[in-house]
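J.: Structure below; questions to follow.
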Protein chains: 2
Amino acid sequence: MNKKNDQTSSTELKIFEAAREVFQAKGLEGARMQEIADRAEINKSLLHYYYRSKDKLFEKVYQLSIIRVIPQIVSLLNQDLPLEDKLRNFIDKYLEIIIANPDIPLFILHELNKNPTRLKTFMLNEIGKKITPFLEQLREESRKGNTVDLPAEQILVNIMSMIIFPFIGRPVFQTIFEMDDAAFEQFIYERKKTLPDFIVQSVMK
Amino acid sequence: MNKKNDQTSSTELKIFEAAREVFQAKGLEGARMQEIADRAEINKSLLHYYYRSKDKLFEKVYQLSIIRVIPQIVSLLNQDLPLEDKLRNFIDKYLEIIIANPDIPLFILHELNKNPTRLKTFMLNEIGKKITPFLEQLREESRKGNTVDLPAEQILVNIMSMIIFPFIGRPVFQTIFEMDDAAFEQFIYERKKTLPDFIVQSVMK
DNA sequence: GTCTATATAACGATAGAC
DNA sequence: GTCTATCGTTATATAGAC
C-alpha cells in the first residue's frame, strides 16, 4: 500500500513506542493521552497530528503488538520436525518471546475480552488455519500411541497455558511465594530449563 | 463490625450486582456509572447515595469478588488427604468455581497488574501462608520419589495455569478452534473429565 | 512539524425538591 | 430513598500562530 512512506519520522516512532508502553500498562481506557505525550517527550497535540485520535492510535498499537508476535509463534509449529523436537523448540522460543514482551499476553486478552470479535478474521487466518497441520501431527502421533490419549486441542491448550499463564499471574505468584523481582526472574529462568522436559514427559509416552 | 445493618436494601444489592457485571466486563476505567445504573434499573444518583463514589463501589466489588472465591480454593489444599486425592479434588472443585465465575480471573489479574501492590497483605495472609503446608506435602512426596523432580512452586504454577488459563484465553481458543459458545462449553466439560488424570499423570510417578 | 490556547464532550459527583 | 437538574473536572480534540 504505502511503499514510499516508510521513512516514518522519529517523532512518530517515539509516540508509537510511548503509546505502546502506556496502553500495555493501563489498557485503552486507563491510558491518558497526556501520559503518552509526556513519555514521548512531545506536545500533546502532536499525538493528534500523527494519529488523529486516541482510538486510532490504540488500534495501531494493538494490531502491531499482535502481528509482531503471533506469526513468529505460529511458524514454530509449522517446521518439519518430529513432535518432541518441535515441542521443545516451541516452548523454548515461545518463552523467549514472552520474556521479551511480558505485558503483551494480558494486554491482548483483556482487550479481546471486552470485544471478543475484534481481530476474529485475523486470528482465524493467521492462527486457526495455520495450526491445523500441527493438530494433525498430534492426532497422528496419538493414533500411533506415542502421546497421551487426549484431543489435540486439549493438549495444545495445556501447553499454551503453562507457557503463558505464569506471566499473567505474576503479581499473584510473586506475592504468595514471597519473591522479589530478582527471585521471579530466577523462577522464570528455572522454568525455561524445566518446562520442556515436563511438557514432553506429560504429553508423550 | 456492622452486625445490625445486614438488612442491605434490595436497591443496594441490585446496584452491587449490576456493578459487579459491568466492572468485570469492562474493568474499572472502562465501566460507566450510567451503564451500572441502567443495568440496575435505578437512577444514577442512587449509586452515589449508596456507595459515595465510583472508586468505593469498585473497591467493594473487587474485594468481594476475591474474598468469595479465594478462601474456597485455598481450603481445598488444606484438607488431610493423600496427594493424588487432593489434586483430583482441587482440580475438580476449582474448575467448578471458575465455571460459575468465568470472568473473575481476568478481572482480578488485569486490575492487579495495573496496581501490583493492591491486596498484597490479603494475598500473603490468605493464600501465601495457607499454602505452605501443601507445598511441604509436595516436597515430602518428591523426597520419597513419588512426584516429578521439580520445585513445588513450579508444579503448583503448572497446575493453576492449566486450570485457569483456558477461561482467560477463551476468545482466542474459541476463534482458532472455530468453536461456538456451545462447543466451548463442551470443550470445558471434556476438560473437567480429562484434566485431573492428565495432571496426576504428569506430576506423580 | 511543533507549539499555545481553547473548544467540546463525557463523566463523576452534588444540590435540592419530593 | 428516589428523582431532576446541574455543577465541576478531566480528557479528547481542534484552531491557529509560528
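Just remember, in the C-alpha cells the first chain shown is A, the second B, etc., residues are 1-based per chain, and ligands are 1-based in the order shown.
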Find the residues in chain B near chain C: any atom within 8 Å counts, using only C-alpha atoms (C1' of nucleotides). Write them as a CSV table (one decimal) with C-alpha atoms, in the first residue's frame.

T.:
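Done, and the output landed in iface.csv:
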chain,number,residue,atom,x,y,z
B,32,ARG,CA,-19.6,3.8,33.2
B,33,MET,CA,-21.7,4.7,36.2
B,48,HIS,CA,-23.6,7.8,45.0
B,53,SER,CA,-18.0,7.2,44.6
B,54,LYS,CA,-17.1,5.0,41.7

J.: Identify, on the basis of only C-alpha atoms (C1' of nucleotides), every residue whose closest approach to Arg170 of chain B does not exceed 9 Å; exclude the query and any residue fewer than 5 positions from it along the same chain; express the result as a PyMOL selection string.

T.: (chain A and resi 109+113) or (chain B and resi 165+175+184)

J.: Tell me the residues of chain D close to chain A, meaning within 10 Å using only C-alpha atoms (C1' of nucleotides), as a list in words.

T.: DA11, DT12, DA13 and DT14 of chain D

J.: Near Pro166 of chain A, within 8 Å and counting only C-alpha atoms (C1' of nucleotides), which residues show up once chain neighbours fewer than 6 positions away are dropped, as a list in words?

T.: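 Here the answer would be Phe173 of chain A; Val157 and Ser161 of chain B.
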
J.: Choose the residue, out of B:Ile42, B:Ile97, B:Ile36, B:Ile70, that has the smallest atom-to-atom separation from chain A; count only C-alpha atoms.

T.: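 Checking each candidate against chain A, we get B:Ile70 as the closest.
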
J.: Hand me chain B as it sits after a least-squares fit onto chain A over every Cα, paired in order, written as a PDB file with C-alpha atoms, in the first residue's frame.

T.:
ATOM      1  CA  MET B   1       0.503  -0.029   0.007  1.00  0.00           C
ATOM      2  CA  ASN B   2       2.682   2.789   1.342  1.00  0.00           C
ATOM      3  CA  LYS B   3       6.042   2.013  -0.130  1.00  0.00           C
ATOM      4  CA  LYS B   4       7.566   5.434  -0.131  1.00  0.00           C
ATOM      5  CA  ASN B   5       6.407   6.593   3.259  1.00  0.00           C
ATOM      6  CA  ASP B   6       8.519   4.198   5.285  1.00  0.00           C
ATOM      7  CA  GLN B   7      10.703   7.029   6.530  1.00  0.00           C
ATOM      8  CA  THR B   8       8.443   7.358   9.554  1.00  0.00           C
ATOM      9  CA  SER B   9       9.657  10.382  11.477  1.00  0.00           C
ATOM     10  CA  SER B  10      11.445   9.934  14.760  1.00  0.00           C
ATOM     11  CA  THR B  11       8.679  11.841  16.526  1.00  0.00           C
ATOM     12  CA  GLU B  12       6.112   9.446  15.162  1.00  0.00           C
ATOM     13  CA  LEU B  13       8.162   6.508  16.391  1.00  0.00           C
ATOM     14  CA  LYS B  14       8.674   8.066  19.820  1.00  0.00           C
ATOM     15  CA  ILE B  15       4.934   8.544  20.100  1.00  0.00           C
ATOM     16  CA  PHE B  16       4.224   5.006  19.026  1.00  0.00           C
ATOM     17  CA  GLU B  17       6.681   3.539  21.494  1.00  0.00           C
ATOM     18  CA  ALA B  18       5.314   5.662  24.339  1.00  0.00           C
ATOM     19  CA  ALA B  19       1.768   4.708  23.394  1.00  0.00           C
ATOM     20  CA  ARG B  20       2.707   1.050  23.345  1.00  0.00           C
ATOM     21  CA  GLU B  21       4.049   1.252  26.874  1.00  0.00           C
ATOM     22  CA  VAL B  22       1.126   3.184  28.281  1.00  0.00           C
ATOM     23  CA  PHE B  23      -1.591   1.170  26.531  1.00  0.00           C
ATOM     24  CA  GLN B  24       0.008  -2.102  27.552  1.00  0.00           C
ATOM     25  CA  ALA B  25       0.286  -0.984  31.150  1.00  0.00           C
ATOM     26  CA  LYS B  26      -3.148   0.622  31.523  1.00  0.00           C
ATOM     27  CA  GLY B  27      -5.350  -0.615  28.721  1.00  0.00           C
ATOM     28  CA  LEU B  28      -7.283   1.497  26.227  1.00  0.00           C
ATOM     29  CA  GLU B  29      -9.602   3.200  28.687  1.00  0.00           C
ATOM     30  CA  GLY B  30      -7.027   3.544  31.464  1.00  0.00           C
ATOM     31  CA  ALA B  31      -4.467   5.238  29.237  1.00  0.00           C
ATOM     32  CA  ARG B  32      -4.277   9.045  29.077  1.00  0.00           C
ATOM     33  CA  MET B  33      -3.172  10.936  26.009  1.00  0.00           C
ATOM     34  CA  GLN B  34      -1.327  13.327  28.302  1.00  0.00           C
ATOM     35  CA  GLU B  35       0.671  10.482  29.801  1.00  0.00           C
ATOM     36  CA  ILE B  36       1.624   9.216  26.354  1.00  0.00           C
ATOM     37  CA  ALA B  37       2.705  12.719  25.366  1.00  0.00           C
ATOM     38  CA  ASP B  38       4.745  13.106  28.546  1.00  0.00           C
ATOM     39  CA  ARG B  39       6.469   9.795  28.054  1.00  0.00           C
ATOM     40  CA  ALA B  40       7.235  10.625  24.437  1.00  0.00           C
ATOM     41  CA  GLU B  41       8.402  14.074  25.564  1.00  0.00           C
ATOM     42  CA  ILE B  42       6.268  15.837  23.001  1.00  0.00           C
ATOM     43  CA  ASN B  43       3.262  18.124  22.995  1.00  0.00           C
ATOM     44  CA  LYS B  44      -0.130  16.513  23.402  1.00  0.00           C
ATOM     45  CA  SER B  45      -1.499  17.959  20.186  1.00  0.00           C
ATOM     46  CA  LEU B  46       1.184  16.159  18.205  1.00  0.00           C
ATOM     47  CA  LEU B  47      -0.527  12.911  19.080  1.00  0.00           C
ATOM     48  CA  HIS B  48      -3.492  14.054  17.038  1.00  0.00           C
ATOM     49  CA  TYR B  49      -1.316  15.445  14.284  1.00  0.00           C
ATOM     50  CA  TYR B  50       0.212  12.002  13.721  1.00  0.00           C
ATOM     51  CA  TYR B  51      -2.591   9.638  14.685  1.00  0.00           C
ATOM     52  CA  ARG B  52      -5.816  11.703  14.529  1.00  0.00           C
ATOM     53  CA  SER B  53      -7.490  10.109  17.566  1.00  0.00           C
ATOM     54  CA  LYS B  54      -6.872   7.988  20.628  1.00  0.00           C
ATOM     55  CA  ASP B  55      -8.792   5.101  19.096  1.00  0.00           C
ATOM     56  CA  LYS B  56      -6.736   5.143  15.918  1.00  0.00           C
ATOM     57  CA  LEU B  57      -3.490   5.285  17.880  1.00  0.00           C
ATOM     58  CA  PHE B  58      -4.627   2.417  20.024  1.00  0.00           C
ATOM     59  CA  GLU B  59      -5.651   0.354  17.043  1.00  0.00           C
ATOM     60  CA  LYS B  60      -2.193   0.713  15.479  1.00  0.00           C
ATOM     61  CA  VAL B  61      -0.489  -0.250  18.718  1.00  0.00           C
ATOM     62  CA  TYR B  62      -2.796  -3.171  19.307  1.00  0.00           C
ATOM     63  CA  GLN B  63      -2.556  -4.631  15.841  1.00  0.00           C
ATOM     64  CA  LEU B  64       1.188  -4.263  15.653  1.00  0.00           C
ATOM     65  CA  SER B  65       1.600  -5.842  19.087  1.00  0.00           C
ATOM     66  CA  ILE B  66      -0.203  -8.881  17.811  1.00  0.00           C
ATOM     67  CA  ILE B  67       1.195  -9.008  14.306  1.00  0.00           C
ATOM     68  CA  ARG B  68       4.752  -8.830  15.554  1.00  0.00           C
ATOM     69  CA  VAL B  69       4.306 -11.762  17.898  1.00  0.00           C
ATOM     70  CA  ILE B  70       1.709 -14.202  16.599  1.00  0.00           C
ATOM     71  CA  PRO B  71       3.199 -15.217  13.227  1.00  0.00           C
ATOM     72  CA  GLN B  72       6.547 -15.846  14.902  1.00  0.00           C
ATOM     73  CA  ILE B  73       4.935 -18.272  17.294  1.00  0.00           C
ATOM     74  CA  VAL B  74       2.683 -20.007  14.822  1.00  0.00           C
ATOM     75  CA  SER B  75       5.553 -20.633  12.429  1.00  0.00           C
ATOM     76  CA  LEU B  76       7.271 -22.655  15.146  1.00  0.00           C
ATOM     77  CA  LEU B  77       4.494 -25.208  14.855  1.00  0.00           C
ATOM     78  CA  ASN B  78       4.874 -25.495  11.111  1.00  0.00           C
ATOM     79  CA  GLN B  79       8.433 -26.676  10.919  1.00  0.00           C
ATOM     80  CA  ASP B  80       9.097 -30.127   9.576  1.00  0.00           C
ATOM     81  CA  LEU B  81      10.212 -31.770  12.803  1.00  0.00           C
ATOM     82  CA  PRO B  82       9.369 -34.839  14.864  1.00  0.00           C
ATOM     83  CA  LEU B  83       6.831 -34.056  17.579  1.00  0.00           C
ATOM     84  CA  GLU B  84       9.226 -34.042  20.508  1.00  0.00           C
ATOM     85  CA  ASP B  85      11.741 -31.745  18.826  1.00  0.00           C
ATOM     86  CA  LYS B  86       8.968 -29.456  17.732  1.00  0.00           C
ATOM     87  CA  LEU B  87       7.528 -29.241  21.224  1.00  0.00           C
ATOM     88  CA  ARG B  88      10.888 -28.447  22.807  1.00  0.00           C
ATOM     89  CA  ASN B  89      11.619 -25.819  20.218  1.00  0.00           C
ATOM     90  CA  PHE B  90       8.123 -24.311  20.504  1.00  0.00           C
ATOM     91  CA  ILE B  91       8.275 -24.013  24.287  1.00  0.00           C
ATOM     92  CA  ASP B  92      11.767 -22.583  24.302  1.00  0.00           C
ATOM     93  CA  LYS B  93      11.202 -19.948  21.628  1.00  0.00           C
ATOM     94  CA  TYR B  94       7.721 -19.031  22.834  1.00  0.00           C
ATOM     95  CA  LEU B  95       9.097 -18.388  26.315  1.00  0.00           C
ATOM     96  CA  GLU B  96      11.831 -16.213  24.874  1.00  0.00           C
ATOM     97  CA  ILE B  97       9.307 -14.138  22.974  1.00  0.00           C
ATOM     98  CA  ILE B  98       7.181 -13.606  26.071  1.00  0.00           C
ATOM     99  CA  ILE B  99      10.179 -12.826  28.235  1.00  0.00           C
ATOM    100  CA  ALA B 100      10.985 -10.074  25.761  1.00  0.00           C
ATOM    101  CA  ASN B 101       7.329  -8.863  25.780  1.00  0.00           C
ATOM    102  CA  PRO B 102       5.916  -9.875  29.161  1.00  0.00           C
ATOM    103  CA  ASP B 103       2.976  -7.452  29.142  1.00  0.00           C
ATOM    104  CA  ILE B 104       1.594  -8.445  25.776  1.00  0.00           C
ATOM    105  CA  PRO B 105      -0.473 -11.517  26.699  1.00  0.00           C
ATOM    106  CA  LEU B 106      -2.589  -9.770  29.321  1.00  0.00           C
ATOM    107  CA  PHE B 107      -2.864  -6.698  27.113  1.00  0.00           C
ATOM    108  CA  ILE B 108      -4.160  -8.714  24.176  1.00  0.00           C
ATOM    109  CA  LEU B 109      -6.507 -10.837  26.216  1.00  0.00           C
ATOM    110  CA  HIS B 110      -8.004  -8.023  28.259  1.00  0.00           C
ATOM    111  CA  GLU B 111      -8.923  -6.032  25.172  1.00  0.00           C
ATOM    112  CA  LEU B 112     -10.082  -9.153  23.391  1.00  0.00           C
ATOM    113  CA  ASN B 113     -12.349  -9.996  26.262  1.00  0.00           C
ATOM    114  CA  LYS B 114     -14.048  -6.615  26.159  1.00  0.00           C
ATOM    115  CA  ASN B 115     -14.621  -7.138  22.450  1.00  0.00           C
ATOM    116  CA  PRO B 116     -14.381 -10.827  21.508  1.00  0.00           C
ATOM    117  CA  THR B 117     -15.013 -10.341  17.798  1.00  0.00           C
ATOM    118  CA  ARG B 118     -12.051  -7.999  17.429  1.00  0.00           C
ATOM    119  CA  LEU B 119      -9.453  -9.482  15.085  1.00  0.00           C
ATOM    120  CA  LYS B 120     -11.550 -12.561  14.589  1.00  0.00           C
ATOM    121  CA  THR B 121     -10.707 -12.872  10.900  1.00  0.00           C
ATOM    122  CA  PHE B 122      -7.045 -12.250  11.531  1.00  0.00           C
ATOM    123  CA  MET B 123      -6.893 -14.871  14.259  1.00  0.00           C
ATOM    124  CA  LEU B 124      -8.772 -17.405  12.218  1.00  0.00           C
ATOM    125  CA  ASN B 125      -6.534 -16.958   9.166  1.00  0.00           C
ATOM    126  CA  GLU B 126      -3.209 -16.363  10.896  1.00  0.00           C
ATOM    127  CA  ILE B 127      -3.583 -18.863  13.706  1.00  0.00           C
ATOM    128  CA  GLY B 128      -6.595 -21.099  13.227  1.00  0.00           C
ATOM    129  CA  LYS B 129      -5.860 -22.252   9.725  1.00  0.00           C
ATOM    130  CA  LYS B 130      -2.119 -22.456  10.255  1.00  0.00           C
ATOM    131  CA  ILE B 131      -2.198 -24.735  13.251  1.00  0.00           C
ATOM    132  CA  THR B 132      -4.319 -27.471  11.683  1.00  0.00           C
ATOM    133  CA  PRO B 133      -1.228 -29.324  10.389  1.00  0.00           C
ATOM    134  CA  PHE B 134       0.164 -29.356  13.916  1.00  0.00           C
ATOM    135  CA  LEU B 135      -3.120 -30.590  15.361  1.00  0.00           C
ATOM    136  CA  GLU B 136      -3.072 -33.284  12.707  1.00  0.00           C
ATOM    137  CA  GLN B 137       0.455 -34.247  13.683  1.00  0.00           C
ATOM    138  CA  LEU B 138      -0.695 -34.570  17.300  1.00  0.00           C
ATOM    139  CA  ARG B 139      -3.594 -36.800  16.251  1.00  0.00           C
ATOM    140  CA  GLU B 140      -1.339 -38.908  14.082  1.00  0.00           C
ATOM    141  CA  GLU B 141       1.081 -39.523  16.958  1.00  0.00           C
ATOM    142  CA  SER B 142      -1.864 -40.210  19.207  1.00  0.00           C
ATOM    143  CA  ARG B 143      -3.122 -42.924  16.824  1.00  0.00           C
ATOM    144  CA  LYS B 144       0.331 -44.467  16.913  1.00  0.00           C
ATOM    145  CA  GLY B 145       0.062 -44.526  20.676  1.00  0.00           C
ATOM    146  CA  ASN B 146       2.957 -42.110  21.131  1.00  0.00           C
ATOM    147  CA  THR B 147       1.070 -39.458  23.091  1.00  0.00           C
ATOM    148  CA  VAL B 148      -1.325 -39.252  25.973  1.00  0.00           C
ATOM    149  CA  ASP B 149      -4.881 -40.110  24.966  1.00  0.00           C
ATOM    150  CA  LEU B 150      -6.414 -36.646  24.790  1.00  0.00           C
ATOM    151  CA  PRO B 151      -7.943 -34.490  22.058  1.00  0.00           C
ATOM    152  CA  ALA B 152      -5.267 -32.456  20.282  1.00  0.00           C
ATOM    153  CA  GLU B 153      -6.971 -29.207  21.255  1.00  0.00           C
ATOM    154  CA  GLN B 154      -6.792 -30.061  24.955  1.00  0.00           C
ATOM    155  CA  ILE B 155      -3.110 -30.840  24.651  1.00  0.00           C
ATOM    156  CA  LEU B 156      -2.383 -27.566  22.904  1.00  0.00           C
ATOM    157  CA  VAL B 157      -4.357 -25.609  25.487  1.00  0.00           C
ATOM    158  CA  ASN B 158      -2.423 -27.315  28.270  1.00  0.00           C
ATOM    159  CA  ILE B 159       0.880 -26.405  26.666  1.00  0.00           C
ATOM    160  CA  MET B 160      -0.037 -22.795  25.952  1.00  0.00           C
ATOM    161  CA  SER B 161      -1.432 -22.386  29.458  1.00  0.00           C
ATOM    162  CA  MET B 162       1.816 -23.422  31.096  1.00  0.00           C
ATOM    163  CA  ILE B 163       3.853 -21.181  28.826  1.00  0.00           C
ATOM    164  CA  ILE B 164       1.774 -18.017  29.075  1.00  0.00           C
ATOM    165  CA  PHE B 165      -0.047 -17.990  32.394  1.00  0.00           C
ATOM    166  CA  PRO B 166       2.921 -17.468  34.731  1.00  0.00           C
ATOM    167  CA  PHE B 167       3.403 -14.024  33.189  1.00  0.00           C
ATOM    168  CA  ILE B 168      -0.248 -13.086  33.462  1.00  0.00           C
ATOM    169  CA  GLY B 169      -0.414 -14.290  37.051  1.00  0.00           C
ATOM    170  CA  ARG B 170       2.931 -12.794  37.979  1.00  0.00           C
ATOM    171  CA  PRO B 171       1.705 -10.381  40.666  1.00  0.00           C
ATOM    172  CA  VAL B 172      -0.091 -13.218  42.434  1.00  0.00           C
ATOM    173  CA  PHE B 173       2.753 -15.708  42.227  1.00  0.00           C
ATOM    174  CA  GLN B 174       5.340 -13.158  43.205  1.00  0.00           C
ATOM    175  CA  THR B 175       3.354 -12.261  46.296  1.00  0.00           C
ATOM    176  CA  ILE B 176       2.388 -15.707  47.521  1.00  0.00           C
ATOM    177  CA  PHE B 177       5.876 -17.093  46.975  1.00  0.00           C
ATOM    178  CA  GLU B 178       7.400 -13.918  48.429  1.00  0.00           C
ATOM    179  CA  MET B 179       9.644 -13.311  45.453  1.00  0.00           C
ATOM    180  CA  ASP B 180      11.181  -9.952  44.613  1.00  0.00           C
ATOM    181  CA  ASP B 181      11.740  -9.057  40.959  1.00  0.00           C
ATOM    182  CA  ALA B 182      15.108 -10.799  40.835  1.00  0.00           C
ATOM    183  CA  ALA B 183      13.645 -13.942  42.359  1.00  0.00           C
ATOM    184  CA  PHE B 184      10.847 -13.964  39.827  1.00  0.00           C
ATOM    185  CA  GLU B 185      13.353 -13.604  37.031  1.00  0.00           C
ATOM    186  CA  GLN B 186      15.202 -16.565  38.464  1.00  0.00           C
ATOM    187  CA  PHE B 187      11.920 -18.475  38.672  1.00  0.00           C
ATOM    188  CA  ILE B 188      11.334 -17.879  34.965  1.00  0.00           C
ATOM    189  CA  TYR B 189      14.902 -18.860  34.162  1.00  0.00           C
ATOM    190  CA  GLU B 190      14.395 -22.109  36.041  1.00  0.00           C
ATOM    191  CA  ARG B 191      11.141 -22.591  34.194  1.00  0.00           C
ATOM    192  CA  LYS B 192      12.809 -22.188  30.856  1.00  0.00           C
ATOM    193  CA  LYS B 193      15.110 -25.046  31.754  1.00  0.00           C
ATOM    194  CA  THR B 194      12.510 -27.389  33.204  1.00  0.00           C
ATOM    195  CA  LEU B 195       9.274 -26.800  31.319  1.00  0.00           C
ATOM    196  CA  PRO B 196      10.244 -28.534  28.049  1.00  0.00           C
ATOM    197  CA  ASP B 197      11.034 -31.760  29.892  1.00  0.00           C
ATOM    198  CA  PHE B 198       7.908 -31.523  31.977  1.00  0.00           C
ATOM    199  CA  ILE B 199       5.647 -31.001  28.985  1.00  0.00           C
ATOM    200  CA  VAL B 200       7.299 -33.671  26.845  1.00  0.00           C
ATOM    201  CA  GLN B 201       7.024 -36.168  29.661  1.00  0.00           C
ATOM    202  CA  SER B 202       3.394 -35.240  30.224  1.00  0.00           C
ATOM    203  CA  VAL B 203       2.325 -35.357  26.615  1.00  0.00           C
ATOM    204  CA  MET B 204       4.392 -38.166  25.132  1.00  0.00           C
ATOM    205  CA  LYS B 205       4.459 -41.758  26.243  1.00  0.00           C
TER     206      LYS B 205
END

J.: Give the alpha helix (DSSP H) residues of segment 87-152 of chain A, as DSSP finds them on the backbone, and put them as a ChimeraX atom specification.

T.: /A:87-100,104-114,120-123,132-143,152

J.: I need the chosen residues saved as a short mmCIF file (atom, residue, chain, number, x, y, z; two decimals), in the first residue's frame, with N, CA and C atoms.

T.:
data_model
loop_
_atom_site.label_atom_id
_atom_site.label_comp_id
_atom_site.auth_asym_id
_atom_site.auth_seq_id
_atom_site.Cartn_x
_atom_site.Cartn_y
_atom_site.Cartn_z
N LEU A 87 8.06 -29.68 19.94
CA LEU A 87 7.56 -29.20 21.23
C LEU A 87 8.64 -28.45 22.00
N ARG A 88 9.80 -29.05 22.09
CA ARG A 88 10.90 -28.41 22.83
C ARG A 88 11.25 -27.05 22.23
N ASN A 89 11.31 -27.01 20.94
CA ASN A 89 11.64 -25.76 20.26
C ASN A 89 10.54 -24.71 20.48
N PHE A 90 9.30 -25.16 20.35
CA PHE A 90 8.15 -24.27 20.53
C PHE A 90 8.15 -23.64 21.92
N ILE A 91 8.29 -24.47 22.93
CA ILE A 91 8.27 -23.99 24.31
C ILE A 91 9.41 -23.00 24.56
N ASP A 92 10.58 -23.38 24.12
CA ASP A 92 11.76 -22.55 24.36
C ASP A 92 11.63 -21.17 23.70
N LYS A 93 11.29 -21.17 22.43
CA LYS A 93 11.21 -19.91 21.69
C LYS A 93 10.02 -19.07 22.14
N TYR A 94 8.91 -19.71 22.42
CA TYR A 94 7.71 -19.00 22.89
C TYR A 94 8.04 -18.28 24.20
N LEU A 95 8.70 -18.99 25.10
CA LEU A 95 9.08 -18.37 26.37
C LEU A 95 9.99 -17.17 26.15
N GLU A 96 10.91 -17.31 25.23
CA GLU A 96 11.82 -16.18 24.95
C GLU A 96 11.06 -14.97 24.45
N ILE A 97 10.09 -15.22 23.58
CA ILE A 97 9.30 -14.11 23.05
C ILE A 97 8.52 -13.42 24.16
N ILE A 98 7.94 -14.21 25.04
CA ILE A 98 7.16 -13.60 26.13
C ILE A 98 8.07 -12.90 27.13
N ILE A 99 9.22 -13.48 27.41
CA ILE A 99 10.15 -12.82 28.32
C ILE A 99 10.52 -11.44 27.79
N ALA A 100 10.64 -11.34 26.47
CA ALA A 100 10.97 -10.05 25.87
C ALA A 100 9.76 -9.12 25.83
N ILE A 104 2.44 -8.30 26.99
CA ILE A 104 1.57 -8.45 25.83
C ILE A 104 0.43 -9.44 26.03
N PRO A 105 0.65 -10.59 26.64
CA PRO A 105 -0.48 -11.52 26.74
C PRO A 105 -1.69 -10.93 27.45
N LEU A 106 -1.48 -10.34 28.61
CA LEU A 106 -2.60 -9.78 29.35
C LEU A 106 -3.23 -8.62 28.59
N PHE A 107 -2.39 -7.82 27.97
CA PHE A 107 -2.87 -6.70 27.16
C PHE A 107 -3.81 -7.20 26.07
N ILE A 108 -3.35 -8.17 25.30
CA ILE A 108 -4.16 -8.70 24.21
C ILE A 108 -5.45 -9.30 24.74
N LEU A 109 -5.35 -10.10 25.79
CA LEU A 109 -6.52 -10.84 26.25
C LEU A 109 -7.54 -9.96 26.95
N HIS A 110 -7.07 -8.94 27.65
CA HIS A 110 -8.01 -8.03 28.29
C HIS A 110 -8.84 -7.29 27.25
N GLU A 111 -8.18 -6.76 26.25
CA GLU A 111 -8.91 -6.01 25.22
C GLU A 111 -9.79 -6.94 24.39
N LEU A 112 -9.31 -8.15 24.17
CA LEU A 112 -10.08 -9.12 23.40
C LEU A 112 -11.34 -9.53 24.16
N ASN A 113 -11.24 -9.55 25.47
CA ASN A 113 -12.38 -9.97 26.27
C ASN A 113 -13.47 -8.91 26.30
N LYS A 114 -13.04 -7.63 26.24
CA LYS A 114 -14.03 -6.56 26.18
C LYS A 114 -14.74 -6.57 24.83
N LYS A 120 -11.10 -11.14 14.80
CA LYS A 120 -11.54 -12.51 14.61
C LYS A 120 -11.00 -13.09 13.30
N THR A 121 -11.16 -12.33 12.22
CA THR A 121 -10.69 -12.82 10.92
C THR A 121 -9.19 -13.03 10.93
N PHE A 122 -8.47 -12.06 11.49
CA PHE A 122 -7.02 -12.20 11.56
C PHE A 122 -6.63 -13.46 12.31
N MET A 123 -7.23 -13.66 13.47
CA MET A 123 -6.86 -14.81 14.28
C MET A 123 -7.21 -16.12 13.58
N THR A 132 -3.61 -26.11 11.93
CA THR A 132 -4.24 -27.42 11.64
C THR A 132 -3.21 -28.50 11.32
N PRO A 133 -2.15 -28.18 10.58
CA PRO A 133 -1.15 -29.24 10.37
C PRO A 133 -0.57 -29.76 11.68
N PHE A 134 -0.33 -28.85 12.62
CA PHE A 134 0.22 -29.30 13.90
C PHE A 134 -0.77 -30.16 14.67
N LEU A 135 -2.04 -29.73 14.67
CA LEU A 135 -3.06 -30.55 15.33
C LEU A 135 -3.12 -31.93 14.68
N GLU A 136 -2.96 -31.94 13.36
CA GLU A 136 -2.98 -33.23 12.64
C GLU A 136 -1.79 -34.08 13.05
N GLN A 137 -0.64 -33.45 13.19
CA GLN A 137 0.55 -34.19 13.64
C GLN A 137 0.31 -34.79 15.03
N LEU A 138 -0.31 -34.01 15.91
CA LEU A 138 -0.63 -34.52 17.24
C LEU A 138 -1.54 -35.74 17.15
N ARG A 139 -2.56 -35.63 16.31
CA ARG A 139 -3.50 -36.74 16.18
C ARG A 139 -2.82 -37.97 15.60
N GLU A 140 -1.95 -37.75 14.65
CA GLU A 140 -1.21 -38.85 14.02
C GLU A 140 -0.38 -39.60 15.07
N GLU A 141 0.36 -38.83 15.87
CA GLU A 141 1.18 -39.46 16.91
C GLU A 141 0.31 -40.14 17.96
N SER A 142 -0.86 -39.58 18.18
CA SER A 142 -1.78 -40.18 19.14
C SER A 142 -2.26 -41.54 18.63
N ARG A 143 -2.57 -41.60 17.33
CA ARG A 143 -3.00 -42.88 16.74
C ARG A 143 -1.91 -43.92 16.86
N ALA A 152 -6.36 -33.32 20.51
CA ALA A 152 -5.23 -32.45 20.21
C ALA A 152 -5.44 -31.04 20.76
#
